[in-house]
Each structure stands twice: as structure tokens, then as C-alpha cells.
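Everything below belongs to coords_38.pdb, which stores PDB, N, CA and C atoms and all ligand atoms.
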```
ATOM      1  N   MET W 886      27.451  -3.942   1.432
ATOM      2  CA  MET W 886      26.593  -3.430   0.359
ATOM      3  C   MET W 886      26.595  -4.388  -0.819
ATOM      4  N   CYS W 887      25.453  -4.600  -1.344
ATOM      5  CA  CYS W 887      25.369  -5.480  -2.492
ATOM      6  C   CYS W 887      24.651  -4.774  -3.624
ATOM      7  N   PHE W 888      24.983  -5.186  -4.791
ATOM      8  CA  PHE W 888      24.411  -4.516  -5.955
ATOM      9  C   PHE W 888      23.262  -5.306  -6.558
ATOM     10  N   TYR W 889      22.224  -4.592  -6.813
ATOM     11  CA  TYR W 889      21.026  -5.203  -7.394
ATOM     12  C   TYR W 889      20.639  -4.428  -8.644
ATOM     13  N   ASN W 890      19.955  -5.124  -9.503
ATOM     14  CA  ASN W 890      19.381  -4.425 -10.640
ATOM     15  C   ASN W 890      18.059  -3.810 -10.187
ATOM     16  N   GLN W 891      17.707  -2.743 -10.862
ATOM     17  CA  GLN W 891      16.506  -2.030 -10.500
ATOM     18  C   GLN W 891      15.575  -1.980 -11.706
ATOM     19  N   LYS W 892      14.303  -2.172 -11.429
ATOM     20  CA  LYS W 892      13.324  -2.077 -12.514
ATOM     21  C   LYS W 892      12.537  -0.794 -12.336
ATOM     22  N   LYS W 893      12.542   0.020 -13.366
ATOM     23  CA  LYS W 893      11.791   1.261 -13.298
ATOM     24  C   LYS W 893      10.603   1.146 -14.261
ATOM     25  N   PHE W 894       9.427   1.362 -13.725
ATOM     26  CA  PHE W 894       8.208   1.196 -14.529
ATOM     27  C   PHE W 894       7.755   2.516 -15.144
ATOM     28  N   ALA W 895       6.900   2.398 -16.134
ATOM     29  CA  ALA W 895       6.400   3.573 -16.843
ATOM     30  C   ALA W 895       5.650   4.528 -15.913
ATOM     31  N   CYS W 896       5.072   3.994 -14.863
ATOM     32  CA  CYS W 896       4.283   4.822 -13.933
ATOM     33  C   CYS W 896       5.173   5.576 -12.959
ATOM     34  N   GLY W 897       6.477   5.320 -12.996
ATOM     35  CA  GLY W 897       7.384   6.025 -12.098
ATOM     36  C   GLY W 897       7.756   5.197 -10.876
ATOM     37  N   ASP W 898       7.030   4.132 -10.639
ATOM     38  CA  ASP W 898       7.369   3.251  -9.519
ATOM     39  C   ASP W 898       8.552   2.385  -9.916
ATOM     40  N   TRP W 899       9.208   1.850  -8.905
ATOM     41  CA  TRP W 899      10.300   0.952  -9.232
ATOM     42  C   TRP W 899      10.372  -0.177  -8.227
ATOM     43  N   ALA W 900      11.096  -1.199  -8.590
ATOM     44  CA  ALA W 900      11.228  -2.369  -7.736
ATOM     45  C   ALA W 900      12.631  -2.922  -7.892
ATOM     46  N   TRP W 901      13.051  -3.641  -6.865
ATOM     47  CA  TRP W 901      14.346  -4.294  -6.962
ATOM     48  C   TRP W 901      14.237  -5.477  -7.906
ATOM     49  N   GLY W 902      15.260  -5.647  -8.705
ATOM     50  CA  GLY W 902      15.281  -6.773  -9.626
ATOM     51  C   GLY W 902      16.212  -7.853  -9.121
ATOM     52  N   ASN W 903      16.925  -8.460 -10.014
ATOM     53  CA  ASN W 903      17.830  -9.550  -9.644
ATOM     54  C   ASN W 903      19.059  -9.057  -8.907
ATOM     55  N   PHE W 904      19.582  -9.934  -8.112
ATOM     56  CA  PHE W 904      20.834  -9.668  -7.433
ATOM     57  C   PHE W 904      21.937  -9.612  -8.480
ATOM     58  N   ALA W 905      22.791  -8.621  -8.404
ATOM     59  CA  ALA W 905      23.807  -8.454  -9.443
ATOM     60  C   ALA W 905      25.214  -8.825  -8.978
ATOM     61  N   ALA W 906      25.644  -8.290  -7.862
ATOM     62  CA  ALA W 906      27.019  -8.556  -7.436
ATOM     63  C   ALA W 906      27.187  -8.345  -5.947
ATOM     64  N   LYS W 907      28.056  -9.094  -5.369
ATOM     65  CA  LYS W 907      28.380  -8.923  -3.957
ATOM     66  C   LYS W 907      29.511  -7.921  -3.830
ATOM     67  N   CYS W 908      29.540  -7.250  -2.701
ATOM     68  CA  CYS W 908      30.684  -6.380  -2.460
ATOM     69  C   CYS W 908      31.773  -7.207  -1.772
ATOM     70  N   ASN W 909      32.957  -6.654  -1.605
ATOM     71  CA  ASN W 909      34.081  -7.392  -1.018
ATOM     72  C   ASN W 909      33.754  -7.934   0.366
ATOM     73  N   HIS W 910      33.119  -7.111   1.134
ATOM     74  CA  HIS W 910      32.745  -7.484   2.479
ATOM     75  C   HIS W 910      31.887  -8.753   2.461
ATOM     76  N   GLU W 911      30.995  -8.818   1.518
ATOM     77  CA  GLU W 911      30.085  -9.950   1.407
ATOM     78  C   GLU W 911      30.779 -11.242   1.028
ATOM     79  N   TYR W 912      31.837 -11.132   0.286
ATOM     80  CA  TYR W 912      32.568 -12.340  -0.110
ATOM     81  C   TYR W 912      33.094 -13.060   1.128
ATOM     82  N   ARG W 913      33.477 -12.271   2.101
ATOM     83  CA  ARG W 913      33.982 -12.867   3.330
ATOM     84  C   ARG W 913      32.857 -13.462   4.172
ATOM     85  N   MET W 914      31.750 -12.762   4.231
ATOM     86  CA  MET W 914      30.646 -13.210   5.065
ATOM     87  C   MET W 914      29.859 -14.359   4.422
ATOM     88  N   GLY W 915      29.881 -14.405   3.135
ATOM     89  CA  GLY W 915      29.174 -15.467   2.436
ATOM     90  C   GLY W 915      27.679 -15.257   2.336
ATOM     91  N   GLU W 916      27.240 -14.081   2.666
ATOM     92  CA  GLU W 916      25.818 -13.792   2.513
ATOM     93  C   GLU W 916      25.628 -12.311   2.223
ATOM     94  N   THR W 917      24.424 -11.936   1.886
ATOM     95  CA  THR W 917      24.194 -10.529   1.579
ATOM     96  C   THR W 917      23.946  -9.759   2.864
ATOM     97  N   CYS W 918      24.352  -8.519   2.879
ATOM     98  CA  CYS W 918      24.282  -7.737   4.102
ATOM     99  C   CYS W 918      22.961  -6.991   4.269
ATOM    100  N   GLY W 919      22.177  -6.923   3.209
ATOM    101  CA  GLY W 919      20.891  -6.244   3.331
ATOM    102  C   GLY W 919      20.931  -4.808   2.865
ATOM    103  N   MET W 920      22.126  -4.304   2.660
ATOM    104  CA  MET W 920      22.203  -2.968   2.125
ATOM    105  C   MET W 920      22.267  -3.040   0.614
ATOM    106  N   LYS W 921      21.264  -2.457  -0.007
ATOM    107  CA  LYS W 921      21.165  -2.607  -1.458
ATOM    108  C   LYS W 921      21.612  -1.362  -2.194
ATOM    109  N   LEU W 922      22.406  -1.575  -3.200
ATOM    110  CA  LEU W 922      22.811  -0.485  -4.076
ATOM    111  C   LEU W 922      22.376  -0.827  -5.498
ATOM    112  N   VAL W 923      22.133   0.204  -6.256
ATOM    113  CA  VAL W 923      21.650  -0.019  -7.617
ATOM    114  C   VAL W 923      22.804  -0.347  -8.553
ATOM    115  N   ASN W 924      22.696  -1.432  -9.230
ATOM    116  CA  ASN W 924      23.696  -1.833 -10.205
ATOM    117  C   ASN W 924      23.328  -1.283 -11.573
ATOM    118  N   ASN W 925      22.136  -1.616 -11.978
ATOM    119  CA  ASN W 925      21.698  -1.302 -13.312
ATOM    120  C   ASN W 925      20.205  -0.997 -13.267
ATOM    121  N   THR W 926      19.768  -0.009 -14.007
ATOM    122  CA  THR W 926      18.332   0.269 -14.032
ATOM    123  C   THR W 926      17.753  -0.154 -15.362
ATOM    124  N   GLU W 927      16.760  -1.011 -15.243
ATOM    125  CA  GLU W 927      16.086  -1.489 -16.439
ATOM    126  C   GLU W 927      14.808  -0.671 -16.597
ATOM    127  N   HIS W 928      14.675   0.016 -17.707
ATOM    128  CA  HIS W 928      13.484   0.832 -17.923
ATOM    129  C   HIS W 928      12.417   0.031 -18.660
ATOM    130  N   LEU W 929      11.288  -0.103 -18.009
ATOM    131  CA  LEU W 929      10.202  -0.891 -18.603
ATOM    132  C   LEU W 929       9.121   0.027 -19.155
ATOM    133  N   GLN W 930       8.493  -0.437 -20.211
ATOM    134  CA  GLN W 930       7.419   0.347 -20.831
ATOM    135  C   GLN W 930       6.075   0.096 -20.153
ATOM    136  N   THR W 931       6.062  -0.883 -19.296
ATOM    137  CA  THR W 931       4.804  -1.249 -18.647
ATOM    138  C   THR W 931       4.681  -0.587 -17.281
ATOM    139  N   GLN W 932       3.472  -0.605 -16.767
ATOM    140  CA  GLN W 932       3.239  -0.095 -15.431
ATOM    141  C   GLN W 932       3.503  -1.210 -14.426
ATOM    142  N   CYS W 933       3.722  -0.853 -13.200
ATOM    143  CA  CYS W 933       3.905  -1.879 -12.188
ATOM    144  C   CYS W 933       2.570  -2.578 -11.944
ATOM    145  N   LYS W 934       2.630  -3.742 -11.311
ATOM    146  CA  LYS W 934       1.416  -4.548 -11.131
ATOM    147  C   LYS W 934       0.318  -3.783 -10.415
ATOM    148  N   LEU W 935       0.716  -3.025  -9.420
ATOM    149  CA  LEU W 935      -0.248  -2.287  -8.622
ATOM    150  C   LEU W 935      -0.962  -1.221  -9.456
ATOM    151  N   CYS W 936      -0.187  -0.483 -10.241
ATOM    152  CA  CYS W 936      -0.776   0.565 -11.073
ATOM    153  C   CYS W 936      -1.648  -0.033 -12.176
ATOM    154  N   GLU W 937      -1.247  -1.216 -12.638
ATOM    155  CA  GLU W 937      -2.062  -1.906 -13.635
ATOM    156  C   GLU W 937      -3.425  -2.232 -13.041
ATOM    157  N   LYS W 938      -3.392  -2.752 -11.822
ATOM    158  CA  LYS W 938      -4.625  -3.103 -11.111
ATOM    159  C   LYS W 938      -5.491  -1.867 -10.912
ATOM    160  N   ILE W 939      -4.848  -0.765 -10.508
ATOM    161  CA  ILE W 939      -5.576   0.482 -10.279
ATOM    162  C   ILE W 939      -6.208   0.939 -11.592
ATOM    163  N   GLY W 940      -5.449   0.828 -12.673
ATOM    164  CA  GLY W 940      -5.928   1.234 -13.992
ATOM    165  C   GLY W 940      -7.161   0.456 -14.421
ATOM    166  N   ILE W 941      -7.125  -0.846 -14.186
ATOM    167  CA  ILE W 941      -8.258  -1.701 -14.550
ATOM    168  C   ILE W 941      -9.500  -1.289 -13.772
ATOM    169  N   LYS W 942      -9.330  -1.004 -12.497
ATOM    170  CA  LYS W 942     -10.467  -0.621 -11.663
ATOM    171  C   LYS W 942     -11.012   0.745 -12.061
ATOM    172  N   TYR W 943     -10.105   1.643 -12.440
ATOM    173  CA  TYR W 943     -10.533   2.961 -12.905
ATOM    174  C   TYR W 943     -11.396   2.836 -14.168
ATOM    175  N   ARG W 944     -10.937   1.978 -15.072
ATOM    176  CA  ARG W 944     -11.682   1.811 -16.326
ATOM    177  C   ARG W 944     -13.044   1.181 -16.078
ATOM    178  N   ARG W 945     -13.085   0.215 -15.162
ATOM    179  CA  ARG W 945     -14.356  -0.421 -14.838
ATOM    180  C   ARG W 945     -15.317   0.570 -14.208
ATOM    181  N   ARG W 946     -14.770   1.415 -13.350
ATOM    182  CA  ARG W 946     -15.591   2.423 -12.682
ATOM    183  C   ARG W 946     -16.124   3.424 -13.723
ATOM    184  N   GLN W 947     -15.234   3.803 -14.644
ATOM    185  CA  GLN W 947     -15.608   4.741 -15.702
ATOM    186  C   GLN W 947     -16.745   4.168 -16.545
ATOM    187  N   ALA W 948     -16.619   2.902 -16.931
ATOM    188  CA  ALA W 948     -17.635   2.251 -17.759
ATOM    189  C   ALA W 948     -18.960   2.179 -17.009
ATOM    190  N   GLU W 949     -18.878   1.880 -15.742
ATOM    191  CA  GLU W 949     -20.088   1.763 -14.919
ATOM    192  C   GLU W 949     -20.766   3.126 -14.789
ATOM    193  N   MET W 950     -19.959   4.162 -14.635
ATOM    194  CA  MET W 950     -20.514   5.503 -14.493
ATOM    195  C   MET W 950     -21.186   5.970 -15.785
ATOM    196  N   GLU W 951     -20.572   5.596 -16.904
ATOM    197  CA  GLU W 951     -21.163   5.973 -18.189
ATOM    198  C   GLU W 951     -22.509   5.292 -18.389
ATOM    199  N   ARG W 952     -22.547   4.021 -17.966
ATOM    200  CA  ARG W 952     -23.787   3.266 -18.068
ATOM    201  C   ARG W 952     -24.888   3.925 -17.231
ATOM    202  N   LEU W 953     -24.517   4.303 -16.033
ATOM    203  CA  LEU W 953     -25.466   4.913 -15.109
ATOM    204  C   LEU W 953     -25.949   6.264 -15.650
ATOM    205  N   THR W 954     -25.014   7.044 -16.164
ATOM    206  CA  THR W 954     -25.359   8.349 -16.733
ATOM    207  C   THR W 954     -26.335   8.185 -17.900
ATOM    208  N   ARG W 955     -26.063   7.152 -18.716
ATOM    209  CA  ARG W 955     -26.931   6.909 -19.865
ATOM    210  C   ARG W 955     -28.335   6.534 -19.403
ATOM    211  N   TRP W 956     -28.406   5.655 -18.414
ATOM    212  CA  TRP W 956     -29.713   5.256 -17.889
ATOM    213  C   TRP W 956     -30.478   6.466 -17.367
ATOM    214  N   ARG W 957     -29.768   7.341 -16.657
ATOM    215  CA  ARG W 957     -30.412   8.520 -16.080
ATOM    216  C   ARG W 957     -30.910   9.456 -17.172
ATOM    217  N   ARG W 958     -30.061   9.609 -18.192
ATOM    218  CA  ARG W 958     -30.402  10.511 -19.288
ATOM    219  C   ARG W 958     -31.631   9.990 -20.022
ATOM    220  N   GLU W 959     -31.694   8.688 -20.156
ATOM    221  CA  GLU W 959     -32.814   8.083 -20.876
ATOM    222  C   GLU W 959     -34.042   7.938 -19.988
ATOM    223  N   GLY W 960     -33.921   8.386 -18.751
ATOM    224  CA  GLY W 960     -35.025   8.285 -17.816
ATOM    225  C   GLY W 960     -35.404   6.850 -17.528
ATOM    226  N   SER W 961     -34.394   6.026 -17.386
ATOM    227  CA  SER W 961     -34.623   4.606 -17.174
ATOM    228  C   SER W 961     -35.393   4.330 -15.888
ATOM    229  N   VAL W 962     -36.178   3.259 -15.939
ATOM    230  CA  VAL W 962     -36.934   2.865 -14.748
ATOM    231  C   VAL W 962     -36.362   1.582 -14.137
ATOM    232  N   MET W 963     -35.174   1.218 -14.596
ATOM    233  CA  MET W 963     -34.536   0.004 -14.065
ATOM    234  C   MET W 963     -33.857   0.326 -12.732
ATOM    235  N   ILE W 964     -34.689   0.603 -11.751
ATOM    236  CA  ILE W 964     -34.170   1.066 -10.460
ATOM    237  C   ILE W 964     -33.166   0.080  -9.859
ATOM    238  N   ALA W 965     -33.501  -1.205  -9.899
ATOM    239  CA  ALA W 965     -32.626  -2.215  -9.295
ATOM    240  C   ALA W 965     -31.249  -2.214  -9.958
ATOM    241  N   SER W 966     -31.248  -2.160 -11.275
ATOM    242  CA  SER W 966     -29.981  -2.148 -12.012
ATOM    243  C   SER W 966     -29.179  -0.898 -11.689
ATOM    244  N   MET W 967     -29.871   0.226 -11.604
ATOM    245  CA  MET W 967     -29.180   1.486 -11.319
ATOM    246  C   MET W 967     -28.597   1.484  -9.916
ATOM    247  N   GLU W 968     -29.347   0.911  -9.006
ATOM    248  CA  GLU W 968     -28.834   0.842  -7.641
ATOM    249  C   GLU W 968     -27.626  -0.084  -7.556
ATOM    250  N   ARG W 969     -27.702  -1.196  -8.292
ATOM    251  CA  ARG W 969     -26.586  -2.136  -8.292
ATOM    252  C   ARG W 969     -25.349  -1.460  -8.878
ATOM    253  N   SER W 970     -25.592  -0.708  -9.942
ATOM    254  CA  SER W 970     -24.511   0.009 -10.594
ATOM    255  C   SER W 970     -23.845   0.996  -9.638
ATOM    256  N   GLN W 971     -24.659   1.684  -8.865
ATOM    257  CA  GLN W 971     -24.117   2.643  -7.897
ATOM    258  C   GLN W 971     -23.279   1.940  -6.832
ATOM    259  N   THR W 972     -23.734   0.761  -6.433
ATOM    260  CA  THR W 972     -22.991  -0.019  -5.438
ATOM    261  C   THR W 972     -21.650  -0.454  -6.009
ATOM    262  N   ILE W 973     -21.659  -0.887  -7.260
ATOM    263  CA  ILE W 973     -20.413  -1.312  -7.921
ATOM    264  C   ILE W 973     -19.420  -0.153  -7.943
ATOM    265  N   ILE W 974     -19.905   1.036  -8.310
ATOM    266  CA  ILE W 974     -19.031   2.216  -8.373
ATOM    267  C   ILE W 974     -18.432   2.507  -7.005
ATOM    268  N   LYS W 975     -19.273   2.445  -5.980
ATOM    269  CA  LYS W 975     -18.800   2.724  -4.625
ATOM    270  C   LYS W 975     -17.739   1.699  -4.203
ATOM    271  N   ASP W 976     -18.003   0.435  -4.505
ATOM    272  CA  ASP W 976     -17.053  -0.624  -4.162
ATOM    273  C   ASP W 976     -15.725  -0.420  -4.874
ATOM    274  N   LEU W 977     -15.805  -0.085  -6.159
ATOM    275  CA  LEU W 977     -14.587   0.124  -6.936
ATOM    276  C   LEU W 977     -13.781   1.287  -6.368
ATOM    277  N   GLU W 978     -14.494   2.352  -5.978
ATOM    278  CA  GLU W 978     -13.800   3.511  -5.409
ATOM    279  C   GLU W 978     -13.065   3.125  -4.134
ATOM    280  N   GLN W 979     -13.702   2.282  -3.360
ATOM    281  CA  GLN W 979     -13.103   1.801  -2.118
ATOM    282  C   GLN W 979     -11.833   1.000  -2.420
ATOM    283  N   GLU W 980     -11.942   0.118  -3.422
ATOM    284  CA  GLU W 980     -10.801  -0.719  -3.803
ATOM    285  C   GLU W 980      -9.654   0.127  -4.354
ATOM    286  N   ILE W 981     -10.004   1.145  -5.138
ATOM    287  CA  ILE W 981      -8.977   2.032  -5.702
ATOM    288  C   ILE W 981      -8.240   2.748  -4.576
ATOM    289  N   LYS W 982      -8.998   3.230  -3.595
ATOM    290  CA  LYS W 982      -8.405   3.926  -2.453
ATOM    291  C   LYS W 982      -7.407   3.016  -1.739
ATOM    292  N   GLN W 983      -7.813   1.783  -1.542
ATOM    293  CA  GLN W 983      -6.980   0.796  -0.856
ATOM    294  C   GLN W 983      -5.682   0.543  -1.631
ATOM    295  N   LEU W 984      -5.818   0.409  -2.959
ATOM    296  CA  LEU W 984      -4.651   0.141  -3.803
ATOM    297  C   LEU W 984      -3.700   1.339  -3.838
ATOM    298  N   GLU W 985      -4.287   2.548  -3.888
ATOM    299  CA  GLU W 985      -3.456   3.762  -3.882
ATOM    300  C   GLU W 985      -2.671   3.849  -2.579
ATOM    301  N   TYR W 986      -3.320   3.438  -1.513
ATOM    302  CA  TYR W 986      -2.679   3.455  -0.202
ATOM    303  C   TYR W 986      -1.509   2.457  -0.184
ATOM    304  N   GLU W 987      -1.768   1.266  -0.720
ATOM    305  CA  GLU W 987      -0.729   0.240  -0.821
ATOM    306  C   GLU W 987       0.471   0.753  -1.603
ATOM    307  N   ARG W 988       0.154   1.473  -2.683
ATOM    308  CA  ARG W 988       1.217   2.004  -3.539
ATOM    309  C   ARG W 988       2.073   3.010  -2.762
ATOM    310  N   GLN W 989       1.408   3.858  -1.991
ATOM    311  CA  GLN W 989       2.138   4.846  -1.197
ATOM    312  C   GLN W 989       3.027   4.172  -0.164
ATOM    313  N   MET W 990       2.484   3.152   0.499
ATOM    314  CA  MET W 990       3.233   2.443   1.527
ATOM    315  C   MET W 990       4.480   1.781   0.916
ATOM    316  N   LYS W 991       4.284   1.220  -0.252
ATOM    317  CA  LYS W 991       5.368   0.552  -0.947
ATOM    318  C   LYS W 991       6.477   1.544  -1.287
ATOM    319  N   GLN W 992       6.079   2.716  -1.752
ATOM    320  CA  GLN W 992       7.066   3.745  -2.088
ATOM    321  C   GLN W 992       7.844   4.161  -0.858
ATOM    322  N   LEU W 993       7.144   4.301   0.258
ATOM    323  CA  LEU W 993       7.801   4.693   1.498
ATOM    324  C   LEU W 993       8.796   3.634   1.945
ATOM    325  N   ASN W 994       8.367   2.383   1.905
ATOM    326  CA  ASN W 994       9.232   1.290   2.338
ATOM    327  C   ASN W 994      10.487   1.177   1.502
ATOM    328  N   ILE W 995      10.318   1.260   0.212
ATOM    329  CA  ILE W 995      11.452   1.145  -0.689
ATOM    330  C   ILE W 995      12.398   2.318  -0.492
ATOM    331  N   GLY W 996      11.832   3.504  -0.280
ATOM    332  CA  GLY W 996      12.647   4.700  -0.120
ATOM    333  C   GLY W 996      13.529   4.650   1.120
ATOM    334  N   ASN W 997      13.090   3.916   2.124
ATOM    335  CA  ASN W 997      13.840   3.872   3.382
ATOM    336  C   ASN W 997      15.006   2.891   3.362
ATOM    337  N   LYS W 998      14.997   2.025   2.382
ATOM    338  CA  LYS W 998      16.030   0.987   2.382
ATOM    339  C   LYS W 998      17.337   1.487   1.787
TER     340      LYS W 998
HETATM  341 ZN    ZN W1001       3.186   1.916 -10.414
END
```
Please render this file's structure as C-alpha cells.
Amino acid sequence: MCFYNQKKFACGDWAWGNFAAKCNHEYRMGETCGMKLVNNTEHLQTQCKLCEKIGIKYRRRQAEMERLTRWRREGSVMIASMERSQTIIKDLEQEIKQLEYERQMKQLNIGNK
């Protein structure tokens, strides 16, 4: 067993940080055994990279939706722009879904170690 520092993000996700200390067993083997124990938890005010990415996409989708709503309310005739906007929203939703899935997989993987 080896001790690692742990980074805990504002979003609740966490990641392994730097290697902190070897256990006695490891001193003899001269390498890490792969079993990780938490040495120290560093609490960060920021979100993890994945959640940051998700957040950016959410905001972009929100802005795009507001634009589309405004065009509709104003009875806009910019059909091409509105259609493009709808495509952007759909694409962003797809990307968000993918990122959320990645986040779940990451949580599962980390939890099993
Ligand atoms: Zn996160």
C-alpha cells in the first residue's frame, strides 16, 4: 500500500494527486504496489476539468437557446440562422451527454481502486 495525496474538487469529484509515501513493504520491493491509500486531501475551490468543460458547454447551450427564443419571439425570418442555432444546441447536448458519461465512468473507475 502506498500513500497518495488526494485532490477534492468543488464539484465533488476527486483525483489522485502526488505520491506521498511508500509503505514498508514497498521499501523492500523498490516500487509501488498499486494499492493506493489517501495520505492527505487537498480541498480545491475549483471544479475538475471535466465539470469545467461541461459547464462551458451548458453556458454556450443556454446562450444559444436564449438567442433562438428571442428570434422566435420577435418573429424573425432568419430561417437559416435559426436552423443553424438549433443544430448547435443539438450538438452541444450531444457533447454534454458524452462528457457526463465520461464523468460517471471516471467515478466508477476511481471508486474501484
Ligand atoms: Zn467534477
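You can rank W:Cys896, W:Met950, W:Ile981, W:Ile964 by their closest distance to ligand ZN 1001 (chain W) using only N, CA and C atoms and all ligand atoms, and at the top of that list sits W:Cys896.
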Note to self: Using all atoms listed in the file, which residues have at least one atom no more than 7 Å from ligand ZN 1001 (chain W)? Output them as a PyMOL selection string.
What the structure shows: chain W and resi 894-899+932-937
Notebook entry, point to check: Just how far from atom N of W:Gln930 is atom C of W:Lys893, in Å to one decimal?
Noted result: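 We find that atom C of W:Lys893 and atom N of W:Gln930 lie 6.5 Å from each other.
Using only C-alpha atoms, the contacts of W:Trp956 at a cut-off of 12 Å, with sequence neighbours closer than 4 positions omitted, comprise W:Glu949, W:Met950, W:Glu951, W:Arg952, W:Gly960, W:Ser961, W:Val962, W:Met963, W:Ile964, W:Ala965, W:Ser966, W:Met967, W:Glu968, W:Ser970, W:Gln971.
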Item checked: Filtered DSSP result for chain W, state alpha helix (DSSP H), as a ChimeraX atom specification -> /W:909-914,934-958,964-997
Note to self: If we count all atoms listed in the file and set the cut-off at 8 Å, which residues sit around W:Glu978, ignoring sequence neighbours fewer than 5 positions away in its own chain? Please answer as number ranges by chain.
What the structure shows: W: 942-943, 946, 972-973, 983-984
Residue by residue, what does the PyMOL selection byres (((chain W and resi 890 and name CA) around 12) and not hetatm and name CA) grab here? Present the result as a compact mmCIF listing (two decimals) with N, CA and C atoms, in the coordinates of the input.
```
# COMPACT_ATOMS: atom_id res chain seq x y z
N CYS W 887 25.45 -4.60 -1.34
CA CYS W 887 25.37 -5.48 -2.49
C CYS W 887 24.65 -4.77 -3.62
N PHE W 888 24.98 -5.19 -4.79
CA PHE W 888 24.41 -4.52 -5.96
C PHE W 888 23.26 -5.31 -6.56
N TYR W 889 22.22 -4.59 -6.81
CA TYR W 889 21.03 -5.20 -7.39
C TYR W 889 20.64 -4.43 -8.64
N GLN W 891 17.71 -2.74 -10.86
CA GLN W 891 16.51 -2.03 -10.50
C GLN W 891 15.58 -1.98 -11.71
N LYS W 892 14.30 -2.17 -11.43
CA LYS W 892 13.32 -2.08 -12.51
C LYS W 892 12.54 -0.79 -12.34
N LYS W 893 12.54 0.02 -13.37
CA LYS W 893 11.79 1.26 -13.30
C LYS W 893 10.60 1.15 -14.26
N TRP W 899 9.21 1.85 -8.90
CA TRP W 899 10.30 0.95 -9.23
C TRP W 899 10.37 -0.18 -8.23
N ALA W 900 11.10 -1.20 -8.59
CA ALA W 900 11.23 -2.37 -7.74
C ALA W 900 12.63 -2.92 -7.89
N TRP W 901 13.05 -3.64 -6.86
CA TRP W 901 14.35 -4.29 -6.96
C TRP W 901 14.24 -5.48 -7.91
N GLY W 902 15.26 -5.65 -8.70
CA GLY W 902 15.28 -6.77 -9.63
C GLY W 902 16.21 -7.85 -9.12
N ASN W 903 16.92 -8.46 -10.01
CA ASN W 903 17.83 -9.55 -9.64
C ASN W 903 19.06 -9.06 -8.91
N PHE W 904 19.58 -9.93 -8.11
CA PHE W 904 20.83 -9.67 -7.43
C PHE W 904 21.94 -9.61 -8.48
N ALA W 905 22.79 -8.62 -8.40
CA ALA W 905 23.81 -8.45 -9.44
C ALA W 905 25.21 -8.82 -8.98
N ALA W 906 25.64 -8.29 -7.86
CA ALA W 906 27.02 -8.56 -7.44
C ALA W 906 27.19 -8.35 -5.95
N LYS W 921 21.26 -2.46 -0.01
CA LYS W 921 21.16 -2.61 -1.46
C LYS W 921 21.61 -1.36 -2.19
N LEU W 922 22.41 -1.58 -3.20
CA LEU W 922 22.81 -0.48 -4.08
C LEU W 922 22.38 -0.83 -5.50
N VAL W 923 22.13 0.20 -6.26
CA VAL W 923 21.65 -0.02 -7.62
C VAL W 923 22.80 -0.35 -8.55
N ASN W 924 22.70 -1.43 -9.23
CA ASN W 924 23.70 -1.83 -10.20
C ASN W 924 23.33 -1.28 -11.57
N ASN W 925 22.14 -1.62 -11.98
CA ASN W 925 21.70 -1.30 -13.31
C ASN W 925 20.20 -1.00 -13.27
N THR W 926 19.77 -0.01 -14.01
CA THR W 926 18.33 0.27 -14.03
C THR W 926 17.75 -0.15 -15.36
N GLU W 927 16.76 -1.01 -15.24
CA GLU W 927 16.09 -1.49 -16.44
C GLU W 927 14.81 -0.67 -16.60
N HIS W 928 14.68 0.02 -17.71
CA HIS W 928 13.48 0.83 -17.92
C HIS W 928 12.42 0.03 -18.66
```
Next item on the list: Take atom CA of W:Ile939 and atom CA of W:Glu980 and report the distance between them in Å, one decimal.
Entry: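 Computing the Euclidean distance for atom CA of W:Ile939 and atom CA of W:Glu980 yields 8.4 Å.
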Using 4 Å of padding on each side, determine the axis-aligned box around all atoms of stretch 956-968 of chain W present in the file and give its centre and edge lengths in Å to one decimal, as lines of an AutoDock Vina configuration file.
```
center_x = -32.3
center_y = 4.1
center_z = -14.2
size_x = 17.3
size_y = 20.7
size_z = 21.3
```
Next item on the list: Would you list, as a list of chain:residue names, the residues of chain W that end up in strand (DSSP E) under DSSP run on this structure's backbone?
Entry: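 DSSP-assigned strand (DSSP E) residues in chain W: W:Cys887, W:Phe888, W:Tyr889, W:Asn890, W:Gln891, W:Lys892, W:Lys893, W:Trp899, W:Ala900, W:Trp901, W:Gly902, W:Asn903, W:Phe904, W:Ala905, W:Ala906, W:Lys907, W:Lys921, W:Leu922, W:Val923, W:Asn924, W:Asn925, W:Thr926, W:Glu927, W:His928.
Across the model, the gap from atom CA of W:Lys975 to atom C of W:Leu953 is 13.6 Å.
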